[in-house]
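work.txt (compact mmCIF, C-alpha atoms) appears below.
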# COMPACT_ATOMS: atom_id res chain seq x y z
CA MET A 1 105.18 27.16 106.64
CA ILE A 2 106.11 28.73 103.29
CA ASP A 3 102.43 29.32 102.55
CA TRP A 4 101.94 30.89 106.01
CA VAL A 5 104.91 33.22 105.49
CA LEU A 6 103.66 34.12 102.02
CA ARG A 7 100.23 35.05 103.40
CA PHE A 8 101.93 37.10 106.15
CA PHE A 9 103.91 39.00 103.49
CA LYS A 10 100.78 39.54 101.41
CA GLY A 11 99.03 40.91 104.50
CA ALA A 12 101.92 43.29 105.17
CA VAL A 13 101.67 44.65 101.62
CA ILE A 14 97.86 44.90 101.78
CA GLY A 15 98.17 46.77 105.09
CA MET A 16 100.03 49.54 103.26
CA ASP A 17 96.60 50.70 102.04
CA PHE A 18 96.11 52.31 105.45
CA VAL A 19 99.45 54.13 105.28
CA LEU A 20 100.35 54.83 101.65
CA PRO A 21 98.22 57.18 99.51
CA GLY A 22 97.42 55.61 96.17
CA ILE A 23 97.93 52.02 97.30
CA SER A 24 94.69 50.04 97.29
CA GLY A 25 94.77 47.14 99.70
CA ALA A 26 91.70 45.62 98.04
CA ALA A 27 93.31 45.88 94.59
CA LEU A 28 96.40 44.13 95.94
CA ALA A 29 94.15 41.52 97.53
CA VAL A 30 92.61 40.97 94.08
CA VAL A 31 96.06 40.52 92.63
CA PHE A 32 97.11 38.21 95.47
CA GLY A 33 94.04 36.04 94.91
CA LEU A 34 92.64 36.87 98.34
CA TYR A 35 90.00 39.48 97.61
CA GLU A 36 86.90 37.36 96.99
CA LYS A 37 87.90 35.04 99.84
CA ILE A 38 88.13 38.01 102.22
CA VAL A 39 84.78 39.48 101.13
CA THR A 40 83.05 36.09 101.36
CA PHE A 41 84.56 35.43 104.79
CA ILE A 42 83.45 38.78 106.22
CA ALA A 43 80.01 38.69 104.58
CA ASN A 44 79.39 35.11 105.84
CA ILE A 45 81.51 35.23 108.97
CA ARG A 46 79.80 32.33 110.77
CA LYS A 47 80.40 29.90 107.89
CA ASP A 48 83.59 27.83 108.44
CA PHE A 49 84.68 30.47 110.94
CA ILE A 50 87.59 28.59 112.54
CA LYS A 51 88.95 27.37 109.21
CA ASN A 52 88.81 30.85 107.68
CA LEU A 53 90.17 32.49 110.82
CA LEU A 54 93.25 30.27 110.75
CA PHE A 55 93.70 30.93 107.03
CA PHE A 56 93.51 34.73 107.43
CA LEU A 57 95.42 34.94 110.73
CA PRO A 58 98.84 35.46 109.06
CA VAL A 59 97.23 37.96 106.66
CA GLY A 60 95.89 40.02 109.58
CA LEU A 61 99.15 39.82 111.54
CA GLY A 62 101.06 40.88 108.44
CA ALA A 63 98.72 43.83 107.86
CA LEU A 64 99.16 45.10 111.42
CA SER A 65 102.94 44.70 111.18
CA GLY A 66 103.04 46.47 107.83
CA ILE A 67 100.99 49.42 109.10
CA TYR A 68 103.17 49.93 112.17
CA LEU A 69 106.56 49.43 110.51
CA VAL A 70 105.82 51.48 107.39
CA SER A 71 104.30 54.38 109.35
CA HIS A 72 107.73 55.39 110.72
CA PRO A 73 109.56 55.98 107.41
CA ILE A 74 106.35 57.35 105.86
CA SER A 75 106.07 59.93 108.62
CA PHE A 76 109.62 61.04 107.89
CA LEU A 77 109.11 61.17 104.12
CA LYS A 78 105.83 63.08 104.25
CA ASP A 79 107.39 65.68 106.54
CA ASN A 80 110.62 66.14 104.60
CA TYR A 81 110.03 65.07 100.97
CA GLN A 82 106.31 65.52 100.51
CA THR A 83 106.14 66.21 96.78
CA PRO A 84 108.40 63.38 95.49
CA PHE A 85 106.66 61.18 98.06
CA LEU A 86 103.24 61.94 96.55
CA TRP A 87 104.45 61.53 92.98
CA PHE A 88 105.64 58.04 93.91
CA PHE A 89 102.08 57.10 94.81
CA ALA A 90 100.60 58.75 91.74
CA GLY A 91 102.86 56.42 89.74
CA ALA A 92 101.94 53.48 91.97
CA ILE A 93 98.26 53.99 91.18
CA LEU A 94 98.86 53.96 87.43
CA GLY A 95 101.08 50.91 87.77
CA THR A 96 98.09 48.85 88.91
CA MET A 97 96.07 49.75 85.82
CA PRO A 98 97.12 46.81 83.60
CA GLU A 99 96.12 44.30 86.27
CA LEU A 100 92.81 46.03 87.03
CA TRP A 101 92.03 46.29 83.33
CA SER A 102 92.70 42.58 82.90
CA LYS A 103 90.58 41.75 85.96
CA SER A 104 87.67 43.90 84.77
CA GLY A 105 87.48 42.01 81.47
CA GLU A 106 87.46 38.49 82.90
CA LYS A 107 83.74 38.09 82.14
CA GLY A 108 83.69 40.08 78.92
CA ARG A 109 83.61 43.77 78.11
CA LYS A 110 81.11 45.86 76.15
CA PRO A 111 81.21 49.47 74.86
CA MET A 112 78.73 50.34 77.62
CA HIS A 113 81.34 49.44 80.22
CA ILE A 114 83.87 51.80 78.62
CA ILE A 115 81.29 54.59 78.75
CA ILE A 116 80.63 53.81 82.42
CA MET A 117 84.36 53.99 83.12
CA ILE A 118 84.78 57.36 81.35
CA CYS A 119 81.73 58.90 83.05
CA THR A 120 82.92 57.65 86.43
CA PHE A 121 86.36 59.13 85.83
CA ILE A 122 84.95 62.55 84.88
CA PHE A 123 82.60 62.64 87.88
CA ALA A 124 85.18 61.35 90.34
CA ALA A 125 87.95 63.65 89.10
CA PHE A 126 85.69 66.69 89.42
CA PHE A 127 84.48 65.62 92.87
CA LEU A 128 87.92 64.79 94.26
CA LEU A 129 89.59 67.90 92.87
CA PHE A 130 86.97 70.44 93.90
CA SER A 131 84.97 69.05 96.82
CA GLY A 132 87.74 69.32 99.39
CA SER A 133 88.02 73.09 99.00
CA TRP A 134 84.37 73.89 99.72
CA ALA A 135 82.83 70.84 101.37
CA PHE A 136 85.23 69.21 103.76
CA GLY A 137 88.26 71.28 104.62
CA GLU A 138 90.56 69.85 107.26
CA LEU A 139 89.02 67.84 110.08
CA LYS A 140 90.52 67.15 113.46
CA LEU A 141 90.69 63.63 114.80
CA ASN A 142 88.70 62.99 117.96
CA PRO A 143 86.78 59.89 119.10
CA LEU A 144 83.71 60.79 116.97
CA THR A 145 85.56 61.68 113.76
CA SER A 146 87.82 58.65 114.25
CA PHE A 147 84.77 56.36 114.53
CA ILE A 148 83.10 57.84 111.45
CA SER A 149 86.36 57.73 109.50
CA GLY A 150 86.77 54.07 110.44
CA GLY A 151 83.32 53.30 109.03
CA ILE A 152 84.05 55.07 105.75
CA VAL A 153 87.47 53.43 105.48
CA ALA A 154 85.82 50.02 106.04
CA PHE A 155 83.81 50.58 102.87
CA ILE A 156 86.65 52.08 100.83
CA ALA A 157 89.09 49.38 101.88
CA LEU A 158 86.79 46.71 100.43
CA ILE A 159 86.69 48.29 96.96
CA PRO A 160 89.57 47.28 94.67
CA GLY A 161 91.35 50.33 93.33
CA PHE A 162 90.23 52.64 96.14
CA SER A 163 92.87 53.75 98.60
CA SER A 164 91.60 54.53 102.08
CA SER A 165 94.65 56.77 102.48
CA ASN A 166 93.34 58.92 99.61
CA PHE A 167 90.19 59.51 101.67
CA LEU A 168 92.32 60.54 104.62
CA VAL A 169 94.28 62.94 102.39
CA LEU A 170 91.06 64.44 101.03
CA PHE A 171 89.66 65.13 104.50
CA GLY A 172 92.94 66.43 105.89
CA LEU A 173 93.28 63.46 108.25
CA TYR A 174 96.24 61.68 106.69
CA GLY A 175 99.08 63.20 108.71
CA GLN A 176 97.13 62.80 111.94
CA MET A 177 96.46 59.11 111.28
CA ILE A 178 100.08 58.42 110.36
CA ASP A 179 101.18 60.00 113.64
CA ALA A 180 98.58 57.89 115.48
CA TYR A 181 99.88 54.69 113.82
CA ARG A 182 103.47 55.60 114.60
CA SER A 183 102.89 56.52 118.24
CA LEU A 184 100.19 53.86 118.85
CA ASN A 185 97.73 56.56 119.98
CA PHE A 186 94.86 54.33 121.11
CA ALA A 187 92.62 57.32 121.85
CA VAL A 188 92.44 57.73 118.06
CA LEU A 189 93.04 54.15 116.92
CA LEU A 190 90.46 52.41 119.14
CA PRO A 191 87.37 54.35 117.91
CA PHE A 192 88.76 54.09 114.36
CA VAL A 193 88.92 50.29 114.63
CA LEU A 194 85.48 50.18 116.30
CA GLY A 195 84.06 52.20 113.40
CA MET A 196 85.55 49.75 110.91
CA GLY A 197 84.19 46.80 112.88
CA ALA A 198 80.69 48.27 113.07
CA PHE A 199 80.35 48.73 109.31
CA VAL A 200 82.60 46.16 107.66
CA ILE A 201 80.08 43.28 107.66
CA PRO A 202 77.13 45.14 106.05
CA PHE A 203 79.51 46.76 103.56
CA SER A 204 81.05 43.39 102.70
CA LYS A 205 77.57 42.00 101.96
CA LEU A 206 76.98 44.91 99.57
CA ILE A 207 80.32 44.32 97.84
CA GLU A 208 79.59 40.57 97.60
CA PHE A 209 76.27 41.36 95.91
CA LEU A 210 77.93 43.74 93.42
CA LEU A 211 80.59 41.17 92.56
CA LYS A 212 77.97 38.52 91.87
CA LYS A 213 75.45 40.62 89.96
CA LEU A 214 77.41 43.49 88.38
CA PHE A 215 81.00 42.23 88.18
CA THR A 216 82.13 43.89 84.94
CA GLY A 217 80.34 47.20 85.46
CA PHE A 218 81.51 47.34 89.08
CA PHE A 219 85.15 46.93 88.10
CA HIS A 220 84.90 49.58 85.37
CA VAL A 221 83.51 52.01 87.92
CA ILE A 222 86.51 51.14 90.07
CA ILE A 223 88.93 51.87 87.21
CA GLY A 224 87.33 55.28 86.71
CA PHE A 225 87.80 56.11 90.38
CA VAL A 226 91.37 54.78 90.41
CA LEU A 227 92.36 57.03 87.50
CA ALA A 228 90.67 59.98 89.20
CA SER A 229 92.55 59.28 92.43
CA ALA A 230 95.82 59.42 90.47
CA ILE A 231 94.79 62.87 89.25
CA LEU A 232 94.01 63.87 92.85
CA ILE A 233 97.40 62.77 94.18
CA ALA A 234 99.20 64.53 91.31
CA ALA A 235 97.16 67.67 91.94
CA ILE A 236 97.98 67.66 95.65
CA ALA A 237 101.65 67.14 94.83
CA SER A 238 101.54 70.11 92.47
CA GLY A 239 100.00 72.35 95.11
CA TRP A 240 96.44 72.32 93.79
CA GLN A 241 94.54 75.36 95.14
CA GLN A 242 97.50 76.33 97.32
CA GLU A 243 99.43 79.47 96.58
CA GLY A 244 102.92 78.70 95.43
CA GLY A 245 102.39 74.95 95.52
CA TYR A 246 104.66 72.64 97.45
CA TYR A 247 107.65 72.48 95.18
CA ASN A 248 109.72 74.35 92.63
CA TYR A 249 109.56 72.04 89.61
CA LEU A 250 112.01 74.21 87.67
CA GLN A 251 114.86 73.14 89.92
CA THR A 252 116.41 69.73 90.55
CA GLY A 253 113.29 68.67 92.45
CA ALA A 254 111.66 67.98 89.09
CA ILE A 255 114.13 65.15 88.49
CA ALA A 256 113.30 63.64 91.87
CA CYS A 257 109.58 63.78 91.09
CA VAL A 258 110.03 62.11 87.69
CA VAL A 259 112.21 59.41 89.24
CA THR A 260 109.80 58.70 92.09
CA PHE A 261 106.82 58.70 89.72
CA ILE A 262 108.47 56.12 87.47
CA ALA A 263 109.66 54.13 90.50
CA GLY A 264 106.13 54.05 91.92
CA GLY A 265 104.69 52.81 88.64
CA ALA A 266 107.40 50.21 88.22
CA PHE A 267 107.02 49.01 91.82
CA SER A 268 103.25 48.51 91.69
CA PHE A 269 103.43 46.92 88.21
CA TRP A 270 106.11 44.51 89.46
CA MET A 271 104.06 43.73 92.57
CA CYS A 272 101.08 42.91 90.39
CA LYS A 273 103.14 40.56 88.23
CA VAL A 274 104.84 38.82 91.14
CA SER A 275 101.67 38.47 93.21
CA GLY A 276 99.76 37.20 90.18
CA LYS A 277 102.42 34.57 89.60
CA TYR A 278 102.38 33.33 93.20
CA SER A 279 98.74 33.98 94.10
CA ARG A 280 96.71 31.10 95.48
Would you mind writing the structure in this file as structure tokens?
Amino acid sequence: MIDWVLRFFKGAVIGMDFVLPGISGAALAVVFGLYEKIVTFIANIRKDFIKNLLFFLPVGLGALSGIYLVSHPISFLKDNYQTPFLWFFAGAILGTMPELWSKSGEKGRKPMHIIIMICTFIFAAFFLLFSGSWAFGELKLNPLTSFISGGIVAFIALIPGFSSSNFLVLFGLYGQMIDAYRSLNFAVLLPFVLGMGAFVIPFSKLIEFLLKKLFTGFFHVIIGFVLASAILIAAIASGWQQEGGYYNYLQTGAIACVVTFIAGGAFSFWMCKVSGKYSR
């Protein structure tokens, strides 16, 4: 029973990936010792299906509960305290860095991998900071965009360090999805889930291949993208490419942003340590 409850709690935390910008459910799954089990299960779904289904049932129930419960306070915070809210997640991203760095070096590390990480960071930072203004803009959720978004999120959610919520922020879909989670808007949620279901198995096979053949390089690419996503969240919080920004940092709001940034980093670092200690 304790193990079941622990897996339920882990699932609830992993489910935050779909609600909280900067929180990578896959990275947390890595830390919780569930990531490779999840990828292997999805990529080889017919193998030991019943056994694996029973093992991951509390994880799935926890994820659904976490998404629904967290969406209510998140909706309030994003509407009323957007900038401190975003700085919290910028800190949360950086707080996962020690664990990801440790994970990436499990099978050795060469100078080439550092170069890969730096090049990935430069490319990803440029893409994330500038692409939204001229390539994507703000989309509106409808059955088609929900289905496509679900497919993309299925891929992102399987990559440790990537936050599917960051994708939603980039495409201007984040607030709409949070409202859909909170109100249980199945006209949006159903095609989103169908999109995830349609693509998650082939994507999981790709991720399984990368983990087996290119483990170290793959994780250093992930680190580059994670660092770039922290830059993206910080830029959005600072009003990147928006006249006047979101916040007056010269007033007391600056203190709130510093506090939430530190709190986010401390929270994710603590989660990594605790989950690493009790992972199975």
For this session: Grab the CA of Ala198 (chain A) to CA of Lys10 (chain A) distance for me, in Å with one decimal place.
Result: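 Computing it gives 24.8 Å between the two atoms.
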Problem set entry | Residues within 10 Å of region 101-116 of chain A, all atoms listed in the file, excluding chain neighbours under 3 positions, as a PyMOL selection string | chain A and resi 27+30-31+96-98+119-121+215-224
Please produce a file of those selected residues containing C-alpha atoms, as a short mmCIF file (atom, residue, chain, number, x, y, z; two decimals), in the coordinates of the input.
data_model
loop_
_atom_site.label_atom_id
_atom_site.label_comp_id
_atom_site.auth_asym_id
_atom_site.auth_seq_id
_atom_site.Cartn_x
_atom_site.Cartn_y
_atom_site.Cartn_z
CA ALA A 27 93.31 45.88 94.59
CA VAL A 30 92.61 40.97 94.08
CA VAL A 31 96.06 40.52 92.63
CA THR A 96 98.09 48.85 88.91
CA MET A 97 96.07 49.75 85.82
CA PRO A 98 97.12 46.81 83.60
CA CYS A 119 81.73 58.90 83.05
CA THR A 120 82.92 57.65 86.43
CA PHE A 121 86.36 59.13 85.83
CA PHE A 215 81.00 42.23 88.18
CA THR A 216 82.13 43.89 84.94
CA GLY A 217 80.34 47.20 85.46
CA PHE A 218 81.51 47.34 89.08
CA PHE A 219 85.15 46.93 88.10
CA HIS A 220 84.90 49.58 85.37
CA VAL A 221 83.51 52.01 87.92
CA ILE A 222 86.51 51.14 90.07
CA ILE A 223 88.93 51.87 87.21
CA GLY A 224 87.33 55.28 86.71
#
Seminar exercise, completed: With distances taken over all atoms listed in the file, the candidate from A:Phe56, A:Phe89, A:Phe171, A:Phe192 nearest Ala266 (chain A) is A:Phe89
For this session: For CA of Ala234 (chain A) and CA of Phe9 (chain A), determine how far apart the two atoms are, in Å to one decimal place.
Result: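 Rounded to one decimal, the two atoms are 28.7 Å apart.
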Exercise. Which one is closest to Phe41 (chain A): A:Ile67, A:Ala154, A:Val259, A:Val200? Count only C-alpha atoms.
Worked result: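 That would be A:Val200, the residue with the smallest distance to Phe41 (chain A).
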Problem set entry | Exercise: Trp4 (chain A) partners within 12 Å, all atoms listed in the file, chain neighbours under 5 positions left out, as a ChimeraX atom specification | /A:9-11,54-62,280
Exercise. Between CA of Ala26 (chain A) and CA of Leu158 (chain A), what is the distance, to one decimal in Å?
Worked result: 5.6 Å
For this session: Choose the residue, out of A:Phe167, A:Phe225, A:Phe8, A:Phe18, that has the smallest atom-to-atom separation from Met117 (chain A); count only C-alpha atoms.
Result: A:Phe225
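With all atoms listed in the file as the basis for measurement, A:Leu129 is the residue among A:Ile201, A:Ala254, A:Leu168, A:Leu129 that approaches Ile231 (chain A) most closely.
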Problem set entry | Option closest in space to Ala92 (chain A), from A:Ala230, A:Gly265, A:Trp270, A:Arg182 [counting only C-alpha atoms] |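 Distance minimum relative to Ala92 (chain A) lands on A:Gly265.
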Exercise. Any idea what's packed within 12 Å of Tyr68 (chain A), counting all atoms listed in the file, ignoring anything in its chain fewer than 6 positions away? Could you give it as an MDAnalysis selection string?
Worked result: chainID A and resid 12:13 15:16 18:20 61:62 74:75 177:185 189
Exercise. Which residue, A:Glu208, A:Phe49, A:Leu194, A:Gly175, has the smallest gap to Leu77 (chain A) when you use only C-alpha atoms?
Worked result: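 Closest candidate: A:Gly175.
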